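Presented below is the structure to which this report refers.
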Amino acid sequence: MKYYSLLFCLSAVILLCSCNKQNQYFLPEKVNELRAPAYPLVTIDPYTCAWSFTDRLNEDNVRHWTGKPHPLVGALRVDGKVYRFMGVEETPMTAIVPTAGARKWPASYTEKQPAAGWINPDFNDASWDKGLAAFGTPGMPNLSTEWNSKDIWVRRTFDLSQDYMDEAVVLEYSHDDIFELYINGVEVVKTDYSWNNNVLKELTTDVKATLKPGKNVIAAHCHNRVGGGFVNFGLFVKNKVGDVFSTPAAQKSVNVLPTQTFYTFECGPVQLDLIFTAPLLMDDLQLMSTPVNYLSYQVKPLDGKAHDVQIYVDATPLWAMNNPGQEVDMTTGVSEPSKVAYAKVGTVEQPVLQKKGDDVRTDWGYFYLAGEKKPATDVCMGDYHDMKELFANKGSLADAAQTGGTEKVVAFTEDLGKVSSSADGFMMIGYDDLYSIQYFKDNRMAYWKQNGKVDMMQALDKANKSYVDVMNRCRQFDNQLMNDAEAAGNKEYAELCALAYR
């Protein structure tokens, strides 16, 4: 009897140890109480990075360090109910007068002070020059017509087949510097000395009242005081769809360590733990420079009952764009030999290393959303709204349409099944920039590529296989850095060092 009791106890210890080993990543030994100005999520390099600018991960878009949206939306489906833990849903919009990012639209323009009434629909602009948008100085996005004087006046004539009084119509505009814009003679925008890209402004009722079937005009004037000049604009209609992921998860904590950021949420009857891992380990240059980060997740019941659980994460093509509206290619596949399922997004243009400046996001190379190919996982692409609706209704993307829809996303899902104790998994986010620096006019590959001997599929396969080892190394490094920093200063100093290192 004693033998069987001892055997039972040993078995219980072994089982407990194996469970703790499996889930140890989600129990950080150090707690950072610093309220960060922005929480690091994906930190591959200055171009491929994503941050939460708000206290809670699910109260705003995930953003690039420049402040532009790099949307990641995450949701957990528990017994058929969906809880949004990351990002926000944006109402899809359809272009009725596209910006130059989607189509190089024609317009009349002049660089000389026009006669009175130039803002009105019936103004005769036959003597003005003709050109294609966007208008600006060399180096500006989607540029077609160079503008090198102090002032430019632009008139864009377009036809509508209906009125839009019952629609939510949004003006998108970009300008550099002082800017004024009129729709059918009514002032909509008037700025001081500033420059802004992709500003969204919903039209008031009196402005929408001027939009009639037939001919309409948007007239704009931009004064360039110094440096670059730019003009681009268009009109969109918000689609009449409700948020699918309307219920936010309750965030309980956030903890920033040198290579990892931890979040904990309550999603109804279960707890969701997340870890964003950037393996920036300076004693391993191959690993440190490889452009792959992990998003790990673990679910545990809070009520002692088993629950049916699925997880969903999607990303928009903005991860591979400098400006919204750029044309992109999107594909899905499975790599060999380790069976990593992936979605790949990149611009059609691929202007490798052609941009410079602060307010720039990479639009060359390819963004990847990936995970190990298993019966319970899907990596798909499809319509922004339809993909979320499919997941909310069925808990998977097995029936997702790979084409269709004007606003697309790439998405990852995993069915964690009936969770009675705990279940966990991970996915990967990566970016292959093709070439990373220009050295004396010579484009050079990143270190991890080993002069072309390693490609992105090999990098994803290796990242998938080495997940456990990398997570253990990151955990060990985080503890060491926090302990050393606290010994050198104090707890507050260690907390600052964690964020500074990341």
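Naming scheme: A, B, ... for chains in displayed order of the structure tokens; residues 1 onward per chain; ligands 1 onward as shown.
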
Could you produce a table of the residues of region 29-97 of chain A lying within 8 Å of region 290-313 of chain A, with the nearest pair of atoms per residue and their separation in Å rounded to one decimal, using only C-alpha atoms, ordered by chain and increasing residue number, as a tab-separated table?
residue	atom	partner	partner_atom	distance
A:Val42	CA	A:Asn293	CA	6.5
A:Thr43	CA	A:Asn293	CA	7.6
A:Ile44	CA	A:Pro291	CA	5.6
A:Asp45	CA	A:Pro291	CA	7.9
A:Leu72	CA	A:Val313	CA	6.8
A:Val73	CA	A:Val313	CA	5.6
A:Gly74	CA	A:Val313	CA	4.3
A:Ala75	CA	A:Tyr312	CA	5.2
A:Leu76	CA	A:Ile311	CA	4.6
A:Arg77	CA	A:Gln310	CA	5.1
A:Val78	CA	A:Val309	CA	4.7
A:Asp79	CA	A:Asp308	CA	5.0
A:Gly80	CA	A:Asp308	CA	7.7

Could the residues in this selection be written to a file with N, CA and C atoms, as a tab-separated table (two decimals), in the first residue's frame?
chain	number	residue	atom	x	y	z
A	42	VAL	N	5.74	44.70	-30.42
A	42	VAL	CA	6.65	44.13	-31.42
A	42	VAL	C	7.80	45.11	-31.60
A	43	THR	N	9.02	44.65	-31.34
A	43	THR	CA	10.18	45.54	-31.46
A	43	THR	C	11.27	44.81	-32.23
A	44	ILE	N	11.08	44.72	-33.54
A	44	ILE	CA	12.06	44.08	-34.42
A	44	ILE	C	13.14	45.08	-34.82
A	45	ASP	N	12.73	46.24	-35.29
A	45	ASP	CA	13.64	47.33	-35.61
A	45	ASP	C	12.79	48.60	-35.69
A	72	LEU	N	-3.32	45.64	-35.00
A	72	LEU	CA	-3.42	44.24	-34.59
A	72	LEU	C	-4.70	44.13	-33.76
A	73	VAL	N	-5.58	43.24	-34.14
A	73	VAL	CA	-6.80	43.02	-33.38
A	73	VAL	C	-6.78	41.58	-32.87
A	74	GLY	N	-7.02	41.42	-31.56
A	74	GLY	CA	-7.03	40.09	-30.97
A	74	GLY	C	-8.31	39.84	-30.22
A	75	ALA	N	-8.82	38.62	-30.31
A	75	ALA	CA	-10.06	38.27	-29.62
A	75	ALA	C	-10.00	36.83	-29.14
A	76	LEU	N	-10.66	36.58	-28.01
A	76	LEU	CA	-10.78	35.23	-27.46
A	76	LEU	C	-12.26	34.86	-27.45
A	77	ARG	N	-12.57	33.70	-28.01
A	77	ARG	CA	-13.95	33.20	-28.07
A	77	ARG	C	-14.11	32.13	-26.99
A	78	VAL	N	-14.98	32.39	-26.03
A	78	VAL	CA	-15.18	31.50	-24.90
A	78	VAL	C	-16.64	31.04	-24.89
A	79	ASP	N	-16.85	29.75	-25.12
A	79	ASP	CA	-18.21	29.19	-25.15
A	79	ASP	C	-19.12	29.99	-26.09
A	80	GLY	N	-18.56	30.42	-27.21
A	80	GLY	CA	-19.33	31.13	-28.21
A	80	GLY	C	-19.40	32.63	-28.06

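Excluding Val226 (chain A) itself and any same-chain residue fewer than 5 positions from it, the protein and nucleic acid residues within 10 Å of it, counting only C-alpha atoms, are A:Lys150, A:Asp176, A:Asp177.
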
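Comparing the minimum interatomic distances between Phe477 (chain A) and each of A:Pro258, A:Pro375, A:Gly395, A:Gly234, counting only C-alpha atoms, we find that A:Pro258 sits nearest.
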
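Our summary of the geometry notes that CA of Leu41 (chain A) is positioned 20.2 Å from CA of Asp363 (chain A).
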
task = Run DSSP on the backbone of this structure and report the residues of region 239-337 of chain A it assigns to strand (DSSP E), as a PyMOL selection string.
result = chain A and resi 250-256+260-267+270-277+292-301+307-315+328-334
